[in-house]
Amino acid sequence: MSGTWASEIEPDYVPGYYGAYGDYDMTHTGDPRQDLEYERHYASHSYIVPEVIKNFLLFFQKCINQQDLLEIQNSYENGFNKLTDRFFKNSAWPEAEVVAPIVGNDKRFLILYKELYYRHVYARVSGGPTLEQRFESYYNYCNLFNYILNADGPVPLELPDQWLWDIIDEFIYQFQAFSIFRHKTGSKRTEDEIELLRSNPKIWNVHSVLNVLHSLVEKSNINKQLEVYTSGGDPDSVSGEFGQNSLYKMLGYFSLVGLLRLHSLLGDYYQALKVLENIDFNKKSLYSRVPACQITTFYYVGFAYMMMRRYQDAIRTLSNILLYIQRTKTMFQNKAQLYDQITKMNDKMYTLLSICLVLYPMRIDESVHSHLREKYQDKMNRMQKGELQEFEASFSFACPKFLSPVPPNYDSELTPAQAKEPYQLQLLVFKDEVQQQIQIPTIRSYLKLYTTLPISKLSAFMEMSEEDLCMHLMCFKHKMKNLVWTKGTSGLEGEFQSASEVDFYIDKNMIHIADTKVVAHPYTFSLHGIKISNIYSRT
């Protein structure tokens, strides 16, 4: 697929309606009666496109064809959202077939319009997308990625970083939503839907989704660029023709984060961290300037570390991003949808942090710890008492929506247990780990009171045999020693360390508790230029 799909006919510019960047008003035409008439007319005749919508679409098309990045960003982040709130708050935008004559059948613009159209259907339209709309959105993403990937050279298209991130983020979200949809049970699926799903196994197939993300990574040479950038070199020296182009470079970077997310949803945490091995989280990145991308990255990295029992790395990762959100949250207050998304993610990450700190107590930044005490102390107290139900509830709230990579057996009735199997498998792994550590907080609380303590005395406190107590003490030693990242870009590398506030050894049936002290951890972390160095560990 080569050449341009842009229409050769320049869209008409409406004099006086769209001014310079940020000057045009999307809320009215100037005549209140005409505005009300448009709204009434559009409400009863959905095929009539209001003039204000036509003008917006023509202007949006013109900006994209002229690669006017500032105006594209303004139209994408402000104009489209304002018109959505006014005309399409709970209903769909005009279908592409209706819009096509307005924009001169500009195929490239219609693909981008459909991306926004279906995203809006998923987010706002009552009842969500139909099965046909899920299929059509998939076909549209195929057209978009084929246009970008199959060209002989970089395509003449420039989009804001936020839109490029949203494309990758939404692509994975819709795959996730489709996977959940096809595992719906009982009467929630009609016979026609089941037959359509059965006869189209390649639609939203996990292999096709992985293929798109890996293709974008390879086309952009982003891993080579990141490797050279991390070592202090010039990324352009290895970027190639496509990698020098901002569209391909940013899509490549965002696809790495997309792969992190996708592998986490499938429960492969090693591979999730493996795909990011060329990204150095401990220096400011020139490649990602999108807060939602940064927050998503650190959420999934933190969750993967937790599931791999690397609690110290999980605590470090989650604390750093929570401190960043705490310091920058006011920047997002004027963007309602982004603010809500970040707030929900913030709550999930605090819950994950509370789980990790119960399982692996260590010092963290005081401002993050203060918020944790204020909002989550009761939950932490219940978990410290060994209440498995609280662990399960916290995990259920904070974990991602796990997926099965394969479709269900449509010939048999799907039970609720089968539909929840991916989640139940991950929950079982988590609960097994918690169960092994269930006595450690109680043992720790006793050890903190003594410098020496007979095993017989502690076994009486714990109401268990000395043999069982020794097993739990060995478990304590084992669980408090983690593989911890110390240097390099790969998040999988590290050294075995312990940040436990209590250390001990056993000699002749006597437990000797070692003195510990708090020292500053030797690293300083930078996120979007904000230095974060108030993280502590114990030695």
# chains A, B, ... in the order shown; residues from 1 in each chain; ligands from 1
>>> residues_around(residues="range 334-350 of chain A", least_positions_apart="3", cutoff="10 Å", atoms="only C-alpha atoms", output="PyMOL selection string")
chain A and resi 77-78+81+291-292+295-296+298-300+302-303+315+317-319+321-322+325-326+329-331+353-356+368-369+371-372+375-376+394-400
>>> write_last_selection(atoms="N, CA, C and O atoms", output="compact mmCIF listing (two decimals), in the first residue's frame")
# COMPACT_ATOMS: atom_id res chain seq x y z
N GLU A 77 -7.98 17.48 21.18
CA GLU A 77 -8.16 17.52 22.63
C GLU A 77 -9.28 18.43 23.08
O GLU A 77 -9.88 18.20 24.13
N ASN A 78 -9.58 19.46 22.30
CA ASN A 78 -10.58 20.44 22.73
C ASN A 78 -11.84 20.42 21.85
O ASN A 78 -12.94 20.19 22.34
N ASN A 81 -13.92 17.11 21.82
CA ASN A 81 -14.55 16.85 23.12
C ASN A 81 -15.68 17.82 23.41
O ASN A 81 -16.70 17.44 23.99
N PRO A 291 1.61 11.82 30.11
CA PRO A 291 1.45 11.35 31.48
C PRO A 291 0.69 10.02 31.60
O PRO A 291 1.07 9.16 32.39
N ALA A 292 -0.37 9.84 30.80
CA ALA A 292 -1.14 8.60 30.88
C ALA A 292 -0.28 7.40 30.53
O ALA A 292 -0.43 6.31 31.10
N ILE A 295 2.09 6.71 33.57
CA ILE A 295 1.38 6.11 34.69
C ILE A 295 1.02 4.66 34.39
O ILE A 295 1.16 3.78 35.24
N THR A 296 0.56 4.40 33.16
CA THR A 296 0.25 3.03 32.76
C THR A 296 1.50 2.15 32.85
O THR A 296 1.44 1.01 33.35
N PHE A 298 4.23 2.46 34.74
CA PHE A 298 4.66 2.18 36.10
C PHE A 298 3.66 1.30 36.85
O PHE A 298 4.04 0.51 37.71
N TYR A 299 2.38 1.42 36.52
CA TYR A 299 1.37 0.54 37.13
C TYR A 299 1.65 -0.92 36.78
O TYR A 299 1.71 -1.79 37.66
N TYR A 300 1.84 -1.20 35.49
CA TYR A 300 2.03 -2.58 35.07
C TYR A 300 3.41 -3.12 35.48
O TYR A 300 3.54 -4.31 35.81
N GLY A 302 5.00 -2.16 38.23
CA GLY A 302 4.83 -2.40 39.67
C GLY A 302 4.05 -3.68 39.94
O GLY A 302 4.41 -4.47 40.82
N PHE A 303 2.98 -3.90 39.16
CA PHE A 303 2.17 -5.10 39.36
C PHE A 303 2.97 -6.35 38.99
O PHE A 303 2.91 -7.37 39.70
N ILE A 315 7.62 -1.78 45.36
CA ILE A 315 7.40 -0.63 46.25
C ILE A 315 8.10 0.61 45.70
O ILE A 315 7.53 1.71 45.69
N THR A 317 8.88 1.23 42.54
CA THR A 317 8.20 1.66 41.31
C THR A 317 6.90 2.38 41.62
O THR A 317 6.63 3.46 41.09
N LEU A 318 6.09 1.79 42.48
CA LEU A 318 4.79 2.37 42.80
C LEU A 318 4.94 3.68 43.58
O LEU A 318 4.22 4.65 43.33
N SER A 319 5.88 3.73 44.51
CA SER A 319 6.10 4.96 45.30
C SER A 319 6.52 6.11 44.40
O SER A 319 6.06 7.25 44.56
N ILE A 321 5.93 6.65 41.14
CA ILE A 321 4.88 7.18 40.27
C ILE A 321 3.77 7.84 41.10
O ILE A 321 3.17 8.83 40.67
N LEU A 322 3.51 7.33 42.30
CA LEU A 322 2.50 7.97 43.16
C LEU A 322 2.96 9.34 43.62
O LEU A 322 2.14 10.27 43.72
N ILE A 325 2.42 11.62 40.62
CA ILE A 325 1.00 12.00 40.49
C ILE A 325 0.63 13.03 41.54
O ILE A 325 -0.06 14.01 41.26
N GLN A 326 1.11 12.81 42.75
CA GLN A 326 0.81 13.73 43.85
C GLN A 326 1.28 15.15 43.54
O GLN A 326 0.60 16.13 43.84
N LYS A 329 -0.81 16.41 39.89
CA LYS A 329 -2.23 16.13 39.66
C LYS A 329 -3.01 17.37 39.23
O LYS A 329 -3.97 17.28 38.45
N THR A 330 -2.62 18.53 39.72
CA THR A 330 -3.34 19.76 39.37
C THR A 330 -3.25 20.07 37.88
O THR A 330 -4.10 20.77 37.33
N MET A 331 -2.22 19.51 37.20
CA MET A 331 -2.07 19.75 35.76
C MET A 331 -3.21 19.12 34.96
O MET A 331 -3.49 19.53 33.85
N LEU A 353 0.39 -0.88 46.61
CA LEU A 353 1.48 -0.51 47.51
C LEU A 353 1.20 -0.98 48.93
O LEU A 353 2.11 -1.46 49.63
N SER A 354 -0.05 -0.86 49.36
CA SER A 354 -0.41 -1.31 50.71
C SER A 354 -0.20 -2.82 50.86
O SER A 354 0.28 -3.30 51.89
N ILE A 355 -0.55 -3.60 49.81
CA ILE A 355 -0.33 -5.05 49.84
C ILE A 355 1.16 -5.35 49.97
O ILE A 355 1.59 -6.16 50.81
N CYS A 356 1.97 -4.68 49.14
CA CYS A 356 3.42 -4.93 49.14
C CYS A 356 4.06 -4.57 50.47
O CYS A 356 4.94 -5.29 50.96
N VAL A 368 3.96 10.06 50.56
CA VAL A 368 3.20 8.90 50.09
C VAL A 368 2.73 8.08 51.28
O VAL A 368 1.58 7.63 51.34
N HIS A 369 3.63 7.90 52.27
CA HIS A 369 3.27 7.13 53.47
C HIS A 369 2.16 7.80 54.25
O HIS A 369 1.27 7.13 54.81
N HIS A 371 -0.31 9.68 53.05
CA HIS A 371 -1.58 9.42 52.37
C HIS A 371 -2.01 7.97 52.57
O HIS A 371 -3.20 7.68 52.74
N LEU A 372 -1.05 7.07 52.59
CA LEU A 372 -1.34 5.65 52.80
C LEU A 372 -1.95 5.43 54.18
O LEU A 372 -2.94 4.69 54.33
N LYS A 375 -5.68 6.92 54.23
CA LYS A 375 -6.74 6.30 53.43
C LYS A 375 -6.78 4.77 53.52
O LYS A 375 -7.84 4.17 53.30
N TYR A 376 -5.65 4.14 53.82
CA TYR A 376 -5.58 2.68 53.67
C TYR A 376 -5.13 1.95 54.94
O TYR A 376 -4.89 0.75 54.90
N SER A 394 -8.53 -6.60 48.06
CA SER A 394 -7.59 -5.58 47.57
C SER A 394 -7.00 -5.99 46.23
O SER A 394 -6.85 -5.17 45.33
N PHE A 395 -6.67 -7.27 46.10
CA PHE A 395 -6.13 -7.76 44.83
C PHE A 395 -7.17 -7.62 43.72
O PHE A 395 -6.85 -7.18 42.61
N SER A 396 -8.41 -7.99 44.03
CA SER A 396 -9.48 -7.91 43.04
C SER A 396 -9.69 -6.48 42.54
O SER A 396 -9.92 -6.24 41.36
N PHE A 397 -9.58 -5.51 43.45
CA PHE A 397 -9.78 -4.11 43.09
C PHE A 397 -8.62 -3.58 42.26
O PHE A 397 -8.82 -2.84 41.28
N ALA A 398 -7.40 -3.96 42.62
CA ALA A 398 -6.21 -3.31 42.05
C ALA A 398 -5.62 -4.02 40.84
O ALA A 398 -4.85 -3.42 40.09
N CYS A 399 -5.97 -5.28 40.60
CA CYS A 399 -5.35 -6.02 39.51
C CYS A 399 -5.96 -5.64 38.17
O CYS A 399 -7.09 -5.14 38.11
N PRO A 400 -5.25 -5.86 37.07
CA PRO A 400 -5.84 -5.65 35.73
C PRO A 400 -6.86 -6.74 35.42
O PRO A 400 -6.95 -7.74 36.14
>>> select_by_dssp(residues="range 482-512 of chain A", states="strand (DSSP E)", output="MDAnalysis selection string")
chainID A and resid 482:484 495:498 503:507 510:512
>>> write_last_selection(atoms="all heavy atoms", output="CSV table (one decimal), in the first residue's frame")
chain,number,residue,atom,x,y,z
A,482,ASN,N,14.9,-10.5,48.5
A,482,ASN,CA,14.4,-10.2,47.2
A,482,ASN,C,15.5,-10.0,46.2
A,482,ASN,O,16.6,-9.5,46.5
A,482,ASN,CB,13.5,-9.0,47.2
A,482,ASN,CG,12.1,-9.3,47.7
A,482,ASN,OD1,11.2,-8.5,47.5
A,482,ASN,ND2,11.9,-10.4,48.4
A,483,LEU,N,15.2,-10.3,44.9
A,483,LEU,CA,16.0,-9.8,43.8
A,483,LEU,C,15.7,-8.4,43.6
A,483,LEU,O,14.5,-8.0,43.4
A,483,LEU,CB,15.7,-10.7,42.6
A,483,LEU,CG,16.7,-10.4,41.4
A,483,LEU,CD1,18.1,-10.9,41.7
A,483,LEU,CD2,16.2,-11.2,40.2
A,484,VAL,N,16.7,-7.5,43.7
A,484,VAL,CA,16.4,-6.0,43.7
A,484,VAL,C,17.2,-5.4,42.6
A,484,VAL,O,18.4,-5.7,42.4
A,484,VAL,CB,16.8,-5.4,45.0
A,484,VAL,CG1,16.5,-3.9,45.0
A,484,VAL,CG2,16.0,-6.0,46.2
A,495,GLU,N,20.2,-7.8,42.3
A,495,GLU,CA,21.0,-8.5,43.2
A,495,GLU,C,20.1,-8.9,44.4
A,495,GLU,O,19.1,-8.1,44.7
A,495,GLU,CB,22.1,-7.6,43.8
A,495,GLU,CG,23.1,-7.2,42.7
A,495,GLU,CD,24.2,-6.2,43.2
A,495,GLU,OE1,24.1,-5.9,44.4
A,495,GLU,OE2,25.0,-5.8,42.4
A,496,PHE,N,20.4,-10.0,45.1
A,496,PHE,CA,19.6,-10.4,46.2
A,496,PHE,C,19.9,-9.5,47.4
A,496,PHE,O,21.1,-9.3,47.8
A,496,PHE,CB,19.8,-11.8,46.6
A,496,PHE,CG,19.0,-12.8,45.7
A,496,PHE,CD1,19.6,-13.4,44.6
A,496,PHE,CD2,17.7,-13.0,46.0
A,496,PHE,CE1,18.8,-14.3,43.9
A,496,PHE,CE2,16.9,-13.9,45.2
A,496,PHE,CZ,17.5,-14.5,44.1
A,497,GLN,N,18.9,-8.9,48.0
A,497,GLN,CA,19.0,-8.0,49.1
A,497,GLN,C,17.9,-8.2,50.1
A,497,GLN,O,16.8,-8.8,49.7
A,497,GLN,CB,19.0,-6.5,48.6
A,497,GLN,CG,20.2,-6.1,47.8
A,497,GLN,CD,20.1,-4.6,47.4
A,497,GLN,OE1,19.2,-3.9,47.8
A,497,GLN,NE2,21.0,-4.2,46.5
A,498,SER,N,18.0,-7.6,51.3
A,498,SER,CA,17.0,-7.6,52.2
A,498,SER,C,16.8,-6.2,52.8
A,498,SER,O,17.8,-5.6,53.2
A,498,SER,CB,17.2,-8.6,53.4
A,498,SER,OG,16.2,-8.5,54.4
A,503,ASP,N,16.2,-8.4,61.6
A,503,ASP,CA,17.1,-9.5,61.1
A,503,ASP,C,17.4,-10.4,62.4
A,503,ASP,O,17.5,-9.9,63.5
A,503,ASP,CB,18.3,-9.0,60.4
A,503,ASP,CG,19.0,-10.1,59.6
A,503,ASP,OD1,18.4,-11.2,59.5
A,503,ASP,OD2,20.1,-9.8,59.1
A,504,PHE,N,17.7,-11.6,62.2
A,504,PHE,CA,18.0,-12.5,63.3
A,504,PHE,C,18.8,-13.7,62.9
A,504,PHE,O,18.9,-14.0,61.7
A,504,PHE,CB,16.7,-13.0,63.9
A,504,PHE,CG,15.8,-13.8,63.0
A,504,PHE,CD1,15.9,-15.2,63.0
A,504,PHE,CD2,14.9,-13.2,62.1
A,504,PHE,CE1,15.2,-16.0,62.2
A,504,PHE,CE2,14.1,-14.0,61.3
A,504,PHE,CZ,14.3,-15.4,61.3
A,505,TYR,N,19.3,-14.4,63.8
A,505,TYR,CA,19.9,-15.8,63.6
A,505,TYR,C,19.6,-16.6,64.8
A,505,TYR,O,19.3,-16.1,65.9
A,505,TYR,CB,21.4,-15.7,63.3
A,505,TYR,CG,22.3,-15.2,64.5
A,505,TYR,CD1,22.8,-16.2,65.4
A,505,TYR,CD2,22.5,-13.9,64.8
A,505,TYR,CE1,23.6,-15.8,66.5
A,505,TYR,CE2,23.2,-13.5,65.9
A,505,TYR,CZ,23.8,-14.4,66.7
A,505,TYR,OH,24.6,-14.0,67.8
A,506,ILE,N,19.7,-17.9,64.6
A,506,ILE,CA,19.3,-18.9,65.7
A,506,ILE,C,20.6,-19.6,66.1
A,506,ILE,O,21.4,-20.2,65.3
A,506,ILE,CB,18.3,-19.9,65.2
A,506,ILE,CG1,17.0,-19.1,64.8
A,506,ILE,CG2,18.0,-20.9,66.2
A,506,ILE,CD1,16.0,-20.0,64.1
A,507,ASP,N,20.8,-19.7,67.4
A,507,ASP,CA,22.0,-20.4,67.9
A,507,ASP,C,21.5,-21.1,69.2
A,507,ASP,O,21.1,-20.5,70.2
A,507,ASP,CB,23.1,-19.4,68.2
A,507,ASP,CG,24.4,-20.1,68.8
A,507,ASP,OD1,24.6,-21.3,68.4
A,507,ASP,OD2,25.0,-19.5,69.6
A,510,MET,N,18.1,-20.5,70.6
A,510,MET,CA,17.9,-19.1,71.0
A,510,MET,C,17.9,-18.2,69.8
A,510,MET,O,18.8,-18.4,68.9
A,510,MET,CB,19.0,-18.7,72.0
A,510,MET,CG,18.8,-17.3,72.5
A,510,MET,SD,17.4,-17.1,73.7
A,510,MET,CE,18.0,-18.0,75.1
A,511,ILE,N,16.9,-17.4,69.7
A,511,ILE,CA,16.8,-16.4,68.5
A,511,ILE,C,17.5,-15.2,68.9
A,511,ILE,O,17.1,-14.5,70.0
A,511,ILE,CB,15.3,-16.1,68.2
A,511,ILE,CG1,14.6,-17.4,67.9
A,511,ILE,CG2,15.3,-15.2,66.9
A,511,ILE,CD1,13.1,-17.2,67.7
A,512,HIS,N,18.5,-14.8,68.2
A,512,HIS,CA,19.2,-13.5,68.4
A,512,HIS,C,18.8,-12.5,67.4
A,512,HIS,O,19.0,-12.7,66.2
A,512,HIS,CB,20.7,-13.7,68.3
A,512,HIS,CG,21.2,-14.7,69.3
A,512,HIS,ND1,21.7,-14.3,70.6
A,512,HIS,CD2,21.3,-16.1,69.3
A,512,HIS,CE1,22.1,-15.4,71.3
A,512,HIS,NE2,21.9,-16.5,70.5
>>> atom_distance(atom1="CA of Phe332 in chain A", atom2="CA of Gln176 in chain A")
26.0 Å
>>> closest_atom_pairs(of="range 53-86 of chain A", to="range 153-172 of chain A", cutoff="12 Å", atoms="only C-alpha atoms", output="CSV")
residue,atom,partner,partner_atom,distance
A:Phe60,CA,A:Leu159,CA,11.8
A:Gln61,CA,A:Leu157,CA,11.7
A:Cys63,CA,A:Glu158,CA,10.0
A:Ile64,CA,A:Leu157,CA,7.3
A:Asn65,CA,A:Leu157,CA,7.7
A:Gln66,CA,A:Leu157,CA,8.9
A:Gln67,CA,A:Glu158,CA,5.7
A:Asp68,CA,A:Glu158,CA,8.0
A:Leu69,CA,A:Leu159,CA,6.4
A:Leu70,CA,A:Pro160,CA,8.2
A:Glu71,CA,A:Pro160,CA,9.8
A:Ile72,CA,A:Leu159,CA,7.1
A:Gln73,CA,A:Pro160,CA,5.8
A:Asn74,CA,A:Pro160,CA,9.6
A:Ser75,CA,A:Pro160,CA,10.7
A:Tyr76,CA,A:Trp163,CA,7.7
A:Glu77,CA,A:Trp163,CA,8.6
>>> write_last_selection(atoms="C-alpha atoms", output="mmCIF file, in the first residue's frame")
data_model
loop_
_atom_site.group_PDB
_atom_site.id
_atom_site.type_symbol
_atom_site.label_atom_id
_atom_site.label_comp_id
_atom_site.auth_asym_id
_atom_site.auth_seq_id
_atom_site.Cartn_x
_atom_site.Cartn_y
_atom_site.Cartn_z
ATOM 1 C CA PHE A 60 -9.943 19.014 11.175
ATOM 2 C CA GLN A 61 -9.325 17.392 7.780
ATOM 3 C CA CYS A 63 -5.206 20.498 9.588
ATOM 4 C CA ILE A 64 -4.350 16.799 9.160
ATOM 5 C CA ASN A 65 -3.644 17.148 5.438
ATOM 6 C CA GLN A 66 -1.446 20.190 6.050
ATOM 7 C CA GLN A 67 0.232 18.433 9.037
ATOM 8 C CA ASP A 68 -0.488 21.434 11.270
ATOM 9 C CA LEU A 69 0.341 19.720 14.555
ATOM 10 C CA LEU A 70 -0.793 22.515 16.883
ATOM 11 C CA GLU A 71 -4.214 22.784 15.264
ATOM 12 C CA ILE A 72 -4.575 18.991 15.092
ATOM 13 C CA GLN A 73 -3.863 18.789 18.819
ATOM 14 C CA ASN A 74 -6.309 21.589 19.606
ATOM 15 C CA SER A 75 -9.049 19.999 17.496
ATOM 16 C CA TYR A 76 -8.372 16.545 18.949
ATOM 17 C CA GLU A 77 -8.158 17.516 22.633
#
>>> residues_around(residues="Pro405 in chain A", least_positions_apart="5", cutoff="8 Å", atoms="only C-alpha atoms", output="number ranges by chain")
A: 179, 205-206, 266
>>> residues_around(residues="Leu112 in chain A", least_positions_apart="5", cutoff="9 Å", atoms="only C-alpha atoms", output="list in words")
Lys107, Tyr117, Asn140 and Leu144 of chain A
>>> select_by_dssp(residues="range 304-533 of chain A", states="helix (DSSP H, G or I)", output="ChimeraX atom specification")
/A:304-307,311-332,336-359,366-384,388-398,416-419,421-436,440-447,455-462,466-479
>>> closest_residue(among="A:Lys54, A:Arg124, A:Arg182, A:Arg261", to="Ile102 in chain A", atoms="only C-alpha atoms")
A:Lys54
>>> closest_residue(among="A:Ala123, A:Leu131, A:Cys293, A:Val228", to="Asp192 in chain A", atoms="only C-alpha atoms")
A:Leu131
>>> closest_residue(among="A:Arg316, A:Leu259, A:Lys62, A:Gly240", to="His214 in chain A", atoms="only C-alpha atoms")
A:Leu259
>>> residues_around(residues="Glu392 in chain A", least_positions_apart="4", cutoff="12 Å", atoms="only C-alpha atoms", output="PyMOL selection string")
chain A and resi 351-352+355+379+382-383+386-388+396-399+423-424+426-435
>>> atom_distance(atom1="CA of Gln294 in chain A", atom2="CA of Val257 in chain A")
9.0 Å
